[in-house]
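J.: Structure: query_10.pdb, PDB, C-alpha atoms and all ligand atoms.
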MODEL        1
ATOM      1  CA  MET M   1       0.000   0.000   0.000  1.00  0.00           C
ATOM      2  CA  THR M   2       1.196   3.439  -0.733  1.00  0.00           C
ATOM      3  CA  GLU M   3       1.413   6.387   1.583  1.00  0.00           C
ATOM      4  CA  GLY M   4      -1.278   8.209  -0.461  1.00  0.00           C
ATOM      5  CA  MET M   5      -3.770   5.346  -0.140  1.00  0.00           C
ATOM      6  CA  ASP M   6      -3.303   5.235   3.680  1.00  0.00           C
ATOM      7  CA  ALA M   7      -3.908   8.960   3.964  1.00  0.00           C
ATOM      8  CA  GLY M   8      -7.078   8.668   1.865  1.00  0.00           C
ATOM      9  CA  ARG M   9      -8.337   5.775   3.962  1.00  0.00           C
ATOM     10  CA  ARG M  10      -7.638   7.665   7.222  1.00  0.00           C
ATOM     11  CA  GLU M  11      -9.501  10.700   5.886  1.00  0.00           C
ATOM     12  CA  PHE M  12     -12.469   8.503   4.849  1.00  0.00           C
ATOM     13  CA  LEU M  13     -12.640   6.874   8.305  1.00  0.00           C
ATOM     14  CA  LYS M  14     -12.335  10.257  10.028  1.00  0.00           C
ATOM     15  CA  ARG M  15     -15.218  11.749   8.048  1.00  0.00           C
ATOM     16  CA  GLY M  16     -17.320   8.636   8.473  1.00  0.00           C
ATOM     17  CA  THR M  17     -16.832   8.762  12.248  1.00  0.00           C
ATOM     18  CA  LEU M  18     -17.736  12.449  12.345  1.00  0.00           C
ATOM     19  CA  ILE M  19     -20.897  11.891  10.305  1.00  0.00           C
ATOM     20  CA  LEU M  20     -21.996   8.915  12.454  1.00  0.00           C
ATOM     21  CA  GLY M  21     -21.301  10.868  15.651  1.00  0.00           C
ATOM     22  CA  GLY M  22     -23.296  13.830  14.353  1.00  0.00           C
ATOM     23  CA  LEU M  23     -26.249  11.651  13.396  1.00  0.00           C
ATOM     24  CA  THR M  24     -26.206   9.969  16.822  1.00  0.00           C
ATOM     25  CA  LEU M  25     -26.197  13.359  18.547  1.00  0.00           C
ATOM     26  CA  LEU M  26     -29.118  14.536  16.401  1.00  0.00           C
ATOM     27  CA  GLY M  27     -30.999  11.325  17.172  1.00  0.00           C
ATOM     28  CA  LEU M  28     -30.662  12.073  20.885  1.00  0.00           C
ATOM     29  CA  ALA M  29     -31.103  15.860  20.756  1.00  0.00           C
ATOM     30  CA  ILE M  30     -34.314  16.035  18.701  1.00  0.00           C
ATOM     31  CA  PRO M  31     -36.526  13.852  20.959  1.00  0.00           C
ATOM     32  CA  SER M  32     -35.057  15.478  24.074  1.00  0.00           C
ATOM     33  CA  GLY M  33     -35.732  18.962  22.691  1.00  0.00           C
ATOM     34  CA  VAL M  34     -39.304  18.069  21.732  1.00  0.00           C
ATOM     35  CA  TYR M  35     -39.910  16.620  25.214  1.00  0.00           C
ATOM     36  CA  VAL M  36     -38.547  19.708  26.979  1.00  0.00           C
ATOM     37  CA  LEU M  37     -40.269  22.280  24.744  1.00  0.00           C
ATOM     38  CA  ALA M  38     -43.626  20.512  24.252  1.00  0.00           C
ATOM     39  CA  PRO M  39     -45.372  22.323  27.185  1.00  0.00           C
ATOM     40  CA  LEU M  40     -44.742  25.646  25.411  1.00  0.00           C
ATOM     41  CA  TRP M  41     -46.886  24.619  22.444  1.00  0.00           C
ATOM     42  CA  LYS M  42     -49.752  23.235  24.519  1.00  0.00           C
ATOM     43  CA  ARG M  43     -52.692  25.540  25.217  1.00  0.00           C
ATOM     44  CA  SER M  44     -52.950  26.393  28.867  1.00  0.00           C
ATOM     45  CA  GLU M  45     -55.706  24.322  30.347  1.00  0.00           C
ATOM     46  CA  GLU M  46     -57.784  24.293  33.489  1.00  0.00           C
ATOM     47  CA  GLU M  47     -57.630  21.095  35.502  1.00  0.00           C
ATOM     48  CA  TRP M  48     -60.574  19.234  37.003  1.00  0.00           C
ATOM     49  CA  VAL M  49     -60.999  20.138  40.671  1.00  0.00           C
ATOM     50  CA  GLU M  50     -62.700  17.953  43.267  1.00  0.00           C
ATOM     51  CA  VAL M  51     -65.033  20.425  44.993  1.00  0.00           C
ATOM     52  CA  ALA M  52     -67.388  18.443  47.204  1.00  0.00           C
ATOM     53  CA  ALA M  53     -68.863  15.109  48.063  1.00  0.00           C
ATOM     54  CA  VAL M  54     -72.014  14.605  46.003  1.00  0.00           C
ATOM     55  CA  SER M  55     -73.998  14.103  49.230  1.00  0.00           C
ATOM     56  CA  GLU M  56     -72.948  17.567  50.482  1.00  0.00           C
ATOM     57  CA  VAL M  57     -74.752  19.424  47.678  1.00  0.00           C
ATOM     58  CA  PRO M  58     -78.373  20.102  48.649  1.00  0.00           C
ATOM     59  CA  VAL M  59     -80.970  18.974  46.119  1.00  0.00           C
ATOM     60  CA  GLY M  60     -82.974  21.845  44.616  1.00  0.00           C
ATOM     61  CA  GLN M  61     -81.063  24.545  46.508  1.00  0.00           C
ATOM     62  CA  PRO M  62     -78.298  26.438  44.618  1.00  0.00           C
ATOM     63  CA  THR M  63     -75.145  26.304  46.710  1.00  0.00           C
ATOM     64  CA  LYS M  64     -72.027  28.415  46.393  1.00  0.00           C
ATOM     65  CA  ILE M  65     -68.951  26.191  46.597  1.00  0.00           C
ATOM     66  CA  GLU M  66     -65.447  27.607  46.949  1.00  0.00           C
ATOM     67  CA  PHE M  67     -62.371  25.750  45.737  1.00  0.00           C
ATOM     68  CA  VAL M  68     -58.805  26.180  44.521  1.00  0.00           C
ATOM     69  CA  ARG M  69     -58.463  26.067  40.739  1.00  0.00           C
ATOM     70  CA  ARG M  70     -55.325  24.904  38.966  1.00  0.00           C
ATOM     71  CA  LYS M  71     -54.242  25.830  35.477  1.00  0.00           C
ATOM     72  CA  LYS M  72     -51.200  24.463  33.671  1.00  0.00           C
ATOM     73  CA  ASP M  73     -49.396  27.026  31.563  1.00  0.00           C
ATOM     74  CA  GLY M  74     -46.214  25.707  30.004  1.00  0.00           C
ATOM     75  CA  TRP M  75     -44.136  24.272  32.843  1.00  0.00           C
ATOM     76  CA  VAL M  76     -45.975  26.295  35.483  1.00  0.00           C
ATOM     77  CA  THR M  77     -49.127  25.351  37.413  1.00  0.00           C
ATOM     78  CA  ILE M  78     -51.045  28.439  38.537  1.00  0.00           C
ATOM     79  CA  GLU M  79     -53.391  28.167  41.530  1.00  0.00           C
ATOM     80  CA  GLY M  80     -56.097  30.579  42.571  1.00  0.00           C
ATOM     81  CA  ARG M  81     -59.240  30.719  44.677  1.00  0.00           C
ATOM     82  CA  SER M  82     -62.502  30.369  42.813  1.00  0.00           C
ATOM     83  CA  SER M  83     -66.125  29.440  43.358  1.00  0.00           C
ATOM     84  CA  ALA M  84     -69.199  28.218  41.542  1.00  0.00           C
ATOM     85  CA  TRP M  85     -72.925  28.153  42.114  1.00  0.00           C
ATOM     86  CA  VAL M  86     -73.869  24.476  41.947  1.00  0.00           C
ATOM     87  CA  VAL M  87     -77.398  23.266  41.267  1.00  0.00           C
ATOM     88  CA  THR M  88     -78.778  19.734  41.251  1.00  0.00           C
ATOM     89  CA  ALA M  89     -82.349  18.568  40.940  1.00  0.00           C
ATOM     90  CA  ASP M  90     -81.654  14.913  41.719  1.00  0.00           C
ATOM     91  CA  GLY M  91     -78.215  14.568  43.339  1.00  0.00           C
ATOM     92  CA  ARG M  92     -76.851  12.877  40.196  1.00  0.00           C
ATOM     93  CA  GLN M  93     -76.729  15.587  37.512  1.00  0.00           C
ATOM     94  CA  PHE M  94     -75.024  18.842  38.473  1.00  0.00           C
ATOM     95  CA  THR M  95     -74.808  22.271  36.881  1.00  0.00           C
ATOM     96  CA  ALA M  96     -72.084  24.690  37.950  1.00  0.00           C
ATOM     97  CA  TYR M  97     -72.375  28.385  37.117  1.00  0.00           C
ATOM     98  CA  ASP M  98     -69.512  30.837  36.889  1.00  0.00           C
ATOM     99  CA  PRO M  99     -70.148  33.142  39.878  1.00  0.00           C
ATOM    100  CA  ARG M 100     -69.665  36.274  37.725  1.00  0.00           C
ATOM    101  CA  CYS M 101     -72.666  37.986  36.168  1.00  0.00           C
ATOM    102  CA  THR M 102     -72.641  37.876  32.363  1.00  0.00           C
ATOM    103  CA  HIS M 103     -73.248  41.632  32.195  1.00  0.00           C
ATOM    104  CA  LEU M 104     -70.081  43.132  33.706  1.00  0.00           C
ATOM    105  CA  GLY M 105     -68.842  40.348  35.950  1.00  0.00           C
ATOM    106  CA  CYS M 106     -70.238  41.289  39.353  1.00  0.00           C
ATOM    107  CA  PRO M 107     -70.717  38.448  41.842  1.00  0.00           C
ATOM    108  CA  TYR M 108     -74.409  37.623  42.087  1.00  0.00           C
ATOM    109  CA  ARG M 109     -76.289  35.742  44.822  1.00  0.00           C
ATOM    110  CA  PHE M 110     -79.189  33.329  45.087  1.00  0.00           C
ATOM    111  CA  ASP M 111     -82.345  34.699  46.678  1.00  0.00           C
ATOM    112  CA  ALA M 112     -84.081  31.658  48.177  1.00  0.00           C
ATOM    113  CA  ALA M 113     -87.349  33.553  48.795  1.00  0.00           C
ATOM    114  CA  GLN M 114     -87.671  34.463  45.098  1.00  0.00           C
ATOM    115  CA  GLY M 115     -85.913  31.320  43.809  1.00  0.00           C
ATOM    116  CA  LYS M 116     -83.745  33.485  41.533  1.00  0.00           C
ATOM    117  CA  PHE M 117     -80.179  34.638  41.113  1.00  0.00           C
ATOM    118  CA  LEU M 118     -79.904  38.394  41.614  1.00  0.00           C
ATOM    119  CA  CYS M 119     -77.047  40.645  40.585  1.00  0.00           C
ATOM    120  CA  PRO M 120     -76.754  43.730  42.802  1.00  0.00           C
ATOM    121  CA  CYS M 121     -74.781  45.829  40.315  1.00  0.00           C
ATOM    122  CA  HIS M 122     -77.395  46.545  37.632  1.00  0.00           C
ATOM    123  CA  THR M 123     -80.272  44.353  38.841  1.00  0.00           C
ATOM    124  CA  ALA M 124     -79.938  41.466  36.386  1.00  0.00           C
ATOM    125  CA  MET M 125     -82.051  38.484  37.378  1.00  0.00           C
ATOM    126  CA  PHE M 126     -81.584  34.834  36.347  1.00  0.00           C
ATOM    127  CA  ASP M 127     -83.735  31.780  36.935  1.00  0.00           C
ATOM    128  CA  ILE M 128     -82.371  28.579  38.511  1.00  0.00           C
ATOM    129  CA  ASP M 129     -81.454  27.286  35.023  1.00  0.00           C
ATOM    130  CA  GLY M 130     -79.300  30.374  34.491  1.00  0.00           C
ATOM    131  CA  ASN M 131     -81.627  32.040  31.980  1.00  0.00           C
ATOM    132  CA  VAL M 132     -81.925  35.825  31.980  1.00  0.00           C
ATOM    133  CA  LEU M 133     -85.245  36.955  33.453  1.00  0.00           C
ATOM    134  CA  SER M 134     -84.582  40.692  33.438  1.00  0.00           C
ATOM    135  CA  GLY M 135     -81.874  43.326  33.425  1.00  0.00           C
ATOM    136  CA  PRO M 136     -78.971  44.108  31.135  1.00  0.00           C
ATOM    137  CA  ALA M 137     -77.252  40.677  31.112  1.00  0.00           C
ATOM    138  CA  PRO M 138     -76.651  39.763  27.439  1.00  0.00           C
ATOM    139  CA  ARG M 139     -76.759  35.983  27.923  1.00  0.00           C
ATOM    140  CA  PRO M 140     -77.541  33.253  30.456  1.00  0.00           C
ATOM    141  CA  LEU M 141     -75.100  32.478  33.263  1.00  0.00           C
ATOM    142  CA  ASP M 142     -71.852  30.934  32.058  1.00  0.00           C
ATOM    143  CA  ARG M 143     -71.289  27.336  33.049  1.00  0.00           C
ATOM    144  CA  PHE M 144     -68.367  25.223  34.143  1.00  0.00           C
ATOM    145  CA  GLU M 145     -68.058  21.568  33.121  1.00  0.00           C
ATOM    146  CA  THR M 146     -68.988  19.101  35.856  1.00  0.00           C
ATOM    147  CA  LYS M 147     -68.601  15.372  36.352  1.00  0.00           C
ATOM    148  CA  VAL M 148     -69.094  12.889  39.144  1.00  0.00           C
ATOM    149  CA  VAL M 149     -66.276  10.466  39.910  1.00  0.00           C
ATOM    150  CA  GLY M 150     -67.140   7.953  42.592  1.00  0.00           C
ATOM    151  CA  LYS M 151     -68.987  10.033  45.182  1.00  0.00           C
ATOM    152  CA  LYS M 152     -67.157  13.281  44.398  1.00  0.00           C
ATOM    153  CA  LEU M 153     -68.255  16.250  42.311  1.00  0.00           C
ATOM    154  CA  LEU M 154     -65.559  17.651  40.042  1.00  0.00           C
ATOM    155  CA  ILE M 155     -65.597  21.007  38.254  1.00  0.00           C
ATOM    156  CA  LYS M 156     -63.438  22.227  35.393  1.00  0.00           C
ATOM    157  CA  PRO M 157     -63.627  26.000  35.879  1.00  0.00           C
ATOM    158  CA  ALA M 158     -63.192  26.965  32.235  1.00  0.00           C
ATOM    159  CA  VAL M 159     -66.213  28.958  31.105  1.00  0.00           C
ATOM    160  CA  GLU M 160     -68.569  27.403  28.577  1.00  0.00           C
ATOM    161  CA  LYS M 161     -70.455  30.400  27.175  1.00  0.00           C
ATOM    162  CA  LYS M 162     -74.097  29.760  26.421  1.00  0.00           C
ATOM    163  CA  GLU M 163     -75.555  32.138  23.863  1.00  0.00           C
ATOM    164  CA  GLY M 164     -78.730  33.810  24.970  1.00  0.00           C
TER     165      GLY M 164
HETATM  166  S1  LIG M 201     -72.877  43.189  36.399  1.00  0.00           S
HETATM  167 FE1  LIG M 201     -74.659  42.100  36.858  1.00  0.00          FE
HETATM  168  S2  LIG M 201     -76.225  43.345  36.088  1.00  0.00           S
HETATM  169 FE2  LIG M 201     -74.424  44.414  35.601  1.00  0.00          FE
ENDMDL
END
Could you write out this file's structure as structure tokens?

T.:
Amino acid sequence: MTEGMDAGRREFLKRGTLILGGLTLLGLAIPSGVYVLAPLWKRSEEEWVEVAAVSEVPVGQPTKIEFVRRKKDGWVTIEGRSSAWVVTADGRQFTAYDPRCTHLGCPYRFDAAQGKFLCPCHTAMFDIDGNVLSGPAPRPLDRFETKVVGKKLLIKPAVEKKEG
């Protein structure tokens, strides 16, 4: 073998090793990068919150339930106090209303004597199904998703807007 052929072979092996090493690094870096950065591309989302035992919610009587809501945003989980007006007619199906009036967001209350939700800010009035009875509210009360798991009521406090 000549000196020139050895040099060419060494150069070929050197380049081949570099290319294989580079491909191996890429094969490791791409999945790792996707795993680390994936939370940035996900929409922030409210988490389901266990708010009460099903048996604790009175049948036919709207009840304000307070809870801590959690929202994942990227790598961060944000917590904050929240509440919902929960209504059930049978102890099995539950409706949870956003506690903010659909007019300008004031907190409203349930008036048991009238059987209606009343907003003190501009006198909007809603029935127990959340429908607007009077006042300036442009749509029914906003709702949160609910589900029952075992004997617990869970709420996902992301507003589902119902058009009026
Ligand atoms: S905020 Fe409730 S009526 Fe205006």

J.: Using atom CA of Val87 of chain M and atom CA of Val132 of chain M as the two end points, give the distance in Å to one decimal.

T.: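 Separating atom CA of Val87 of chain M from atom CA of Val132 of chain M is a distance of 16.3 Å.
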
J.: As a check of understanding, name the residues that the PyMOL selection byres (((not hetatm)) within 10 of (chain M and resi 201)) selects in the supplied structure, as a VMD selection string.

T.: chain M and resid 100 to 108 118 to 125 134 to 138

J.: Written as a PyMOL selection string, which residues does the PyMOL selection byres (((chain M and resi 59) around 12) and not hetatm) give for the file shown?

T.: chain M and resi 54-58+60-63+86-95

J.: Can you work out which one of M:Pro157, M:Gly21, M:Gly150, M:Gly115 has the shortest atom-to-atom distance to Arg81 of chain M, counting all atoms listed in the file?

T.: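 Among the listed residues, M:Pro157 lies closest to Arg81 of chain M.
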
J.: With all atoms listed in the file as the atoms that count, which of M:Val49, M:Ala84, M:Leu28, M:Ile78 lies nearest to Glu66 of chain M?

T.: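 Between M:Val49, M:Ala84, M:Leu28, M:Ile78, the residue approaching Glu66 of chain M most closely is M:Ala84.
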
J.: In Å, rounded to a single decimal, give me how far atom CA of Ala112 of chain M is from atom CA of Gly130 of chain M.

T.: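 For atom CA of Gly130 of chain M relative to atom CA of Ala112 of chain M, the distance reads 14.6 Å.
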
J.: Using only C-alpha atoms for the distances, tell me which of M:Ile65, M:Lys72, M:Leu23, M:Asp111 is nearest to Glu45 of chain M.

T.: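 Ranking M:Ile65, M:Lys72, M:Leu23, M:Asp111 by distance to Glu45 of chain M, first place goes to M:Lys72.
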
J.: Assuming the chain letters and numbering stay as they are in my file, what does the PyMOL selection byres (((chain M and resi 47) around 7) and not hetatm) actually select? List them as a PDB file with C-alpha atoms, in the frame of the given file.

T.:
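New file expr10.pdb:
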ATOM      1  CA  GLU M  45     -55.706  24.322  30.347  1.00  0.00           C
ATOM      2  CA  GLU M  46     -57.784  24.293  33.489  1.00  0.00           C
ATOM      3  CA  TRP M  48     -60.574  19.234  37.003  1.00  0.00           C
ATOM      4  CA  VAL M  49     -60.999  20.138  40.671  1.00  0.00           C
ATOM      5  CA  ARG M  70     -55.325  24.904  38.966  1.00  0.00           C
ATOM      6  CA  LYS M  71     -54.242  25.830  35.477  1.00  0.00           C
ATOM      7  CA  LYS M 156     -63.438  22.227  35.393  1.00  0.00           C
TER       8      LYS M 156
END

J.: Considering all atoms listed in the file, can you say which of M:Ala7, M:Leu40, M:Ala113, M:Ala96 comes closest to Phe144 of chain M?

T.: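 Of the candidates, the smallest distance to Phe144 of chain M is held by M:Ala96.
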
J.: Between atom CA of Arg139 of chain M and atom CA of Glu50 of chain M, what is the distance, to one decimal in Å?

T.: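 That distance, rounded to one decimal, is 27.5 Å.
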
J.: For Lys147 of chain M, which residue among M:Val159, M:Ala53, M:Phe67, M:Lys42 is the nearest when counting only C-alpha atoms?

T.: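 Comparing M:Val159, M:Ala53, M:Phe67, M:Lys42 against Lys147 of chain M, the winner is M:Ala53.
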